[in-house]
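**Q** Have a peek at target20.cif (mmCIF, C-alpha atoms).
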data_protein
#
loop_
_atom_site.label_atom_id
_atom_site.label_comp_id
_atom_site.auth_asym_id
_atom_site.auth_seq_id
_atom_site.Cartn_x
_atom_site.Cartn_y
_atom_site.Cartn_z
CA ARG A 1 9.17 5.18 -21.64
CA LYS A 2 11.59 5.51 -18.75
CA GLU A 3 14.70 3.37 -18.95
CA VAL A 4 14.09 2.00 -15.45
CA GLU A 5 10.59 1.98 -13.98
CA GLN A 6 9.38 1.33 -10.46
CA ASP A 7 6.06 1.59 -8.66
CA PRO A 8 6.56 4.62 -6.41
CA GLY A 9 4.30 3.18 -3.69
CA PRO A 10 4.07 3.79 -0.83
CA PHE A 11 3.87 0.19 0.30
CA ASN A 12 2.50 0.13 3.84
CA VAL A 13 3.08 -3.27 5.43
CA PRO A 14 2.86 -4.58 9.01
CA GLU A 15 5.93 -5.75 10.86
CA GLY A 16 6.79 -9.33 10.02
CA ALA A 17 5.15 -9.23 6.59
CA THR A 18 6.80 -10.20 3.34
CA VAL A 19 6.88 -7.53 0.66
CA ALA A 20 8.08 -7.59 -2.94
CA PHE A 21 9.02 -4.80 -5.31
CA ASN A 22 9.38 -5.08 -9.05
CA CYS A 23 11.46 -2.99 -11.38
CA THR A 24 11.41 -3.11 -15.18
CA TYR A 25 14.16 -1.94 -17.49
CA SER A 26 13.94 -1.13 -21.18
CA ASN A 27 17.57 -1.33 -22.26
CA SER A 28 18.23 -4.94 -23.22
CA ALA A 29 21.96 -4.15 -23.14
CA SER A 30 21.80 -3.74 -19.37
CA GLN A 31 24.28 -6.13 -17.86
CA SER A 32 24.12 -5.71 -14.12
CA PHE A 33 21.58 -4.55 -11.63
CA PHE A 34 21.52 -3.24 -8.11
CA TRP A 35 19.15 -2.35 -5.34
CA TYR A 36 19.96 0.70 -3.26
CA ARG A 37 18.27 1.83 -0.08
CA GLN A 38 17.77 5.53 0.56
CA ASP A 39 16.62 6.94 3.86
CA CYS A 40 14.92 10.33 3.95
CA ARG A 41 17.34 13.13 3.02
CA LYS A 42 20.30 10.73 2.98
CA GLU A 43 22.45 9.31 0.22
CA PRO A 44 21.62 5.99 -1.45
CA LYS A 45 23.41 2.99 0.04
CA LEU A 46 24.04 -0.24 -1.79
CA LEU A 47 21.73 -2.99 -0.55
CA MET A 48 22.33 -5.76 -3.03
CA SER A 49 23.92 -6.47 -6.35
CA VAL A 50 21.96 -8.73 -8.67
CA TYR A 51 24.06 -11.03 -10.82
CA SER A 52 22.93 -13.69 -13.25
CA SER A 53 19.74 -15.23 -11.86
CA GLY A 54 19.72 -13.42 -8.54
CA ASN A 55 21.02 -13.69 -5.00
CA GLU A 56 20.02 -13.76 -1.36
CA ASP A 57 21.32 -11.94 1.69
CA GLY A 58 19.55 -12.76 4.94
CA ARG A 59 15.96 -11.52 4.72
CA PHE A 60 16.54 -9.98 1.30
CA THR A 61 16.30 -11.81 -2.02
CA ALA A 62 16.84 -10.23 -5.42
CA GLN A 63 15.78 -11.95 -8.64
CA LEU A 64 16.55 -11.14 -12.26
CA ASN A 65 14.39 -12.13 -15.21
CA ARG A 66 16.22 -11.18 -18.41
CA ALA A 67 13.51 -12.53 -20.71
CA SER A 68 10.91 -10.21 -19.21
CA GLN A 69 13.45 -7.52 -18.35
CA TYR A 70 12.62 -7.07 -14.72
CA ILE A 71 14.25 -7.48 -11.36
CA SER A 72 12.56 -7.93 -8.04
CA LEU A 73 13.40 -7.43 -4.40
CA LEU A 74 11.77 -9.57 -1.74
CA ILE A 75 11.96 -8.61 1.92
CA ARG A 76 10.90 -11.24 4.44
CA ASP A 77 9.97 -10.63 8.07
CA SER A 78 9.85 -6.85 7.60
CA LYS A 79 11.32 -4.71 10.37
CA LEU A 80 10.46 -1.13 11.25
CA SER A 81 14.02 -0.25 10.26
CA ASP A 82 13.34 -1.44 6.71
CA SER A 83 11.23 1.69 6.14
CA ALA A 84 12.98 3.59 3.36
CA THR A 85 12.92 4.18 -0.38
CA TYR A 86 14.33 1.36 -2.48
CA LEU A 87 16.00 2.36 -5.73
CA CYS A 88 16.43 -0.02 -8.61
CA VAL A 89 19.50 0.50 -10.78
CA ALA A 90 20.45 -0.88 -14.19
CA ASN A 91 23.99 -0.76 -15.53
CA SER A 92 24.24 -0.78 -19.31
CA GLY A 93 27.93 -1.67 -19.25
CA GLY A 94 30.29 0.05 -21.62
CA TYR A 95 31.32 3.06 -19.59
CA GLN A 96 29.37 1.75 -16.65
CA LYS A 97 26.56 4.24 -16.86
CA VAL A 98 24.07 3.46 -14.17
CA THR A 99 20.41 4.44 -14.49
CA PHE A 100 18.20 4.78 -11.44
CA GLY A 101 14.52 4.23 -11.09
CA THR A 102 12.53 6.81 -9.15
CA GLY A 103 12.32 4.51 -6.14
CA THR A 104 9.66 2.60 -4.23
CA LYS A 105 8.77 3.85 -0.80
CA LEU A 106 8.27 1.26 1.93
CA GLN A 107 6.68 2.01 5.29
CA VAL A 108 6.67 -0.81 7.84
CA ILE A 109 3.96 -0.29 10.43
CA PRO A 110 4.10 -1.56 14.04
CA ASP B 1 38.52 4.30 4.82
CA ALA B 2 36.75 7.67 4.62
CA GLY B 3 34.43 6.56 1.85
CA VAL B 4 33.13 9.16 -0.58
CA THR B 5 33.17 12.69 0.81
CA GLN B 6 31.43 15.72 -0.61
CA SER B 7 31.60 19.38 0.25
CA PRO B 8 29.85 21.51 1.16
CA THR B 9 26.90 19.65 2.67
CA HIS B 10 24.48 22.53 2.19
CA LEU B 11 24.59 25.59 -0.01
CA ILE B 12 22.27 28.48 -0.79
CA LYS B 13 22.83 30.45 -3.98
CA THR B 14 21.00 33.17 -5.86
CA ARG B 15 19.58 32.67 -9.32
CA GLY B 16 22.20 33.51 -11.97
CA GLN B 17 25.17 32.72 -9.74
CA GLN B 18 27.71 29.98 -10.27
CA VAL B 19 28.47 27.11 -7.89
CA THR B 20 31.25 24.54 -7.48
CA LEU B 21 30.69 21.26 -5.64
CA ARG B 22 33.51 18.94 -4.65
CA CYS B 23 33.90 15.19 -4.28
CA SER B 24 36.66 12.91 -3.04
CA PRO B 25 36.20 9.30 -4.11
CA LYS B 26 36.52 6.22 -2.01
CA SER B 27 40.08 4.99 -1.65
CA GLY B 28 41.03 2.85 -4.64
CA HIS B 29 38.28 4.22 -6.87
CA ASP B 30 39.18 6.05 -10.05
CA THR B 31 35.79 6.80 -11.57
CA VAL B 32 33.49 9.55 -10.36
CA SER B 33 29.89 10.05 -11.42
CA TRP B 34 27.64 12.97 -10.56
CA TYR B 35 23.90 12.80 -10.09
CA GLN B 36 21.13 15.30 -9.48
CA GLN B 37 18.26 14.18 -7.28
CA ALA B 38 15.19 16.37 -7.09
CA LEU B 39 12.75 15.90 -4.23
CA GLY B 40 10.75 12.72 -4.67
CA GLN B 41 12.74 11.57 -7.70
CA GLY B 42 15.49 9.08 -8.31
CA PRO B 43 19.01 10.33 -9.01
CA GLN B 44 19.54 11.56 -12.58
CA PHE B 45 22.92 10.91 -14.16
CA ILE B 46 24.80 14.13 -15.03
CA PHE B 47 28.19 12.87 -16.18
CA GLN B 48 31.06 10.57 -15.35
CA TYR B 49 34.79 11.25 -15.14
CA TYR B 50 37.59 8.79 -15.62
CA GLU B 51 41.27 9.56 -16.18
CA GLU B 52 40.50 13.26 -15.91
CA GLU B 53 38.12 13.18 -18.86
CA GLU B 54 34.36 13.32 -19.15
CA ARG B 55 33.54 9.87 -20.38
CA GLN B 56 29.79 9.91 -20.57
CA ARG B 57 27.12 12.54 -20.15
CA GLY B 58 23.45 12.52 -19.31
CA ASN B 59 20.78 14.88 -20.57
CA PHE B 60 22.00 18.05 -18.86
CA PRO B 61 22.78 21.44 -20.45
CA ASP B 62 26.26 22.82 -20.92
CA ARG B 63 25.76 24.95 -17.81
CA PHE B 64 26.78 21.79 -15.99
CA SER B 65 30.47 21.09 -16.31
CA GLY B 66 33.03 19.18 -14.36
CA HIS B 67 36.60 18.31 -13.80
CA GLN B 68 38.62 15.43 -12.42
CA PHE B 69 42.02 15.90 -10.87
CA PRO B 70 45.03 13.54 -10.95
CA ASN B 71 44.15 12.33 -7.44
CA TYR B 72 40.70 11.30 -8.83
CA SER B 73 38.79 13.95 -6.88
CA SER B 74 36.23 15.83 -8.89
CA GLU B 75 34.32 19.08 -9.12
CA LEU B 76 30.89 19.83 -10.50
CA ASN B 77 30.32 23.38 -11.72
CA VAL B 78 26.94 24.87 -12.50
CA ASN B 79 26.73 28.27 -14.17
CA ALA B 80 23.79 30.67 -14.44
CA LEU B 81 21.84 28.90 -11.72
CA LEU B 82 18.12 28.45 -12.14
CA LEU B 83 15.53 27.84 -9.45
CA GLY B 84 15.07 24.37 -10.94
CA ASP B 85 18.67 23.50 -10.15
CA SER B 86 17.71 23.19 -6.49
CA ALA B 87 18.34 19.55 -5.63
CA LEU B 88 20.56 17.08 -3.82
CA TYR B 89 23.75 16.59 -5.82
CA LEU B 90 25.29 13.19 -5.32
CA CYS B 91 28.74 12.03 -6.20
CA ALA B 92 29.40 8.33 -6.63
CA SER B 93 32.73 6.64 -7.03
CA SER B 94 33.46 3.24 -8.46
CA ARG B 95 36.23 1.09 -9.77
CA PRO B 96 34.99 -0.67 -12.88
CA GLN B 97 35.24 -4.44 -12.65
CA GLY B 98 34.05 -5.74 -15.97
CA ALA B 99 30.33 -5.24 -16.34
CA HIS B 100 29.68 -5.15 -12.61
CA THR B 101 30.29 -1.78 -11.11
CA GLU B 102 29.11 -1.04 -7.60
CA ALA B 103 28.91 2.67 -7.00
CA PHE B 104 29.30 4.16 -3.54
CA PHE B 105 27.71 7.49 -2.81
CA GLY B 106 28.75 10.49 -0.80
CA GLN B 107 26.28 12.13 1.55
CA GLY B 108 25.45 14.72 -1.09
CA THR B 109 25.37 18.48 -1.34
CA ARG B 110 21.95 20.03 -0.93
CA LEU B 111 21.80 23.08 -3.19
CA THR B 112 19.04 25.63 -2.81
CA VAL B 113 18.69 28.34 -5.43
CA VAL B 114 16.64 31.34 -4.39
#
In structure tokens, how does this file's structure come out?

**A**
Amino acid sequence: RKEVEQDPGPFNVPEGATVAFNCTYSNSASQSFFWYRQDCRKEPKLLMSVYSSGNEDGRFTAQLNRASQYISLLIRDSKLSDSATYLCVANSGGYQKVTFGTGTKLQVIP
Amino acid sequence: DAGVTQSPTHLIKTRGQQVTLRCSPKSGHDTVSWYQQALGQGPQFIFQYYEEEERQRGNFPDRFSGHQFPNYSSELNVNALLLGDSALYLCASSRPQGAHTEAFFGQGTRLTVV
């Protein structure tokens, strides 16, 4: 089983829709979590950090469920510019090793 | 702030050759991690350097080695290149803050082995 698992998608959604991605992690020692956005052939860029029970930033909301060992990312009012691959990351602490999921591809359609 | 910079941006090498990739961390960051990202995959952790020492290593063979300099910049070396080493190599820098470490990535070096 992969340490961090994501549905690869693609998720094709119309502009203005709400879309949610889930990510599960297997290492119960994971202490912090992040969502990164990666555009085609570019480097990943930090979208959100997920601390304790979750947080919100504008149209983006990240939730953490430690009991079920998953995190989610909710995007409201999708924009064309949200089209990208979203990478889930778990940090197992200690020497701050971060483990990436394979990413979920989102395509927002006009 | 220049952020994380990597060089070169693109590289073509022949199977069996050796390659060195370079990374300068974001200002104020002292930890550098290297990742390999194959097409359609998430980044795979290679190793991490802190205080000029390899602190943690992923599941990569000894052909992959690295170094960190006193100014925190880092190099990734790959010997005896294989076709399967073709990938985007990402460097990420961070400054550990307890359990919460936000890593910032460079633009990557795209290595093609032919």

**Q** What are the residues of chain A that have an atom within 9 Å of an atom of chain B, counting all atoms listed in the file, as an NGL selection string?

**A** :A and (31-34 or 41-46 or 49 or 51 or 87 or 91-103)

**Q** Could you spell out the hits of the PyMOL selection byres ((chain A and resi 27) around 10) on the shown file, as a list of chain:residue names?

**A**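 So the PyMOL selection byres ((chain A and resi 27) around 10) ends up selecting A:Lys2, A:Glu3, A:Val4, A:Thr24, A:Tyr25, A:Ser26, A:Ser28, A:Ala29, A:Ser30, A:Gln31, A:Gln69, A:Ala90, A:Asn91, A:Ser92.
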
**Q** Would you mind telling me which residue in B:Thr112, B:Asn59, B:Gln68, B:Ser93 lies nearest to Gly3 in chain B when using all atoms listed in the file?

**A**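 Going through B:Thr112, B:Asn59, B:Gln68, B:Ser93 one by one, the smallest distance to Gly3 in chain B is for B:Ser93.
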
**Q** Taking the file as I've supplied it (selection: the PyMOL selection byres ((chain A and resi 83-85) around 9)), which residues are included? Please answer as an NGL selection string.

**A** :A and (8 or 10 or 36-40 or 44 or 78-82 or 86-87 or 103-109)

**Q** Using all atoms listed in the file for the distances, tell me which of B:Glu51, B:Thr9, B:Glu75, B:Pro70 is nearest to Arg22 in chain B.

**A**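 Closest candidate: B:Glu75.
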
**Q** Expand the PyMOL selection byres ((chain A and resi 62) around 9) into the explicit residue set it covers here, and present it as a PyMOL selection string.

**A** chain A and resi 34-35+48-50+53-57+60-61+63-64+71-75

**Q** Any idea what the distance is between CA of Gln6 in chain B and CA of Leu111 in chain B?

**A**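 Spanning CA of Gln6 in chain B to CA of Leu111 in chain B is a straight-line distance of 12.4 Å.
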
**Q** Give me, please, the distance in Å between CA of Glu5 in chain A and CA of Leu47 in chain A, quoted to one decimal.

**A**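 Answer for the CA of Glu5 in chain A to CA of Leu47 in chain A separation: 18.1 Å.
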
**Q** Calculate how many Å separate CA of Ile12 in chain B from CA of Val114 in chain B, rounding to one decimal.

**A**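 Those two atoms sit 7.3 Å apart.
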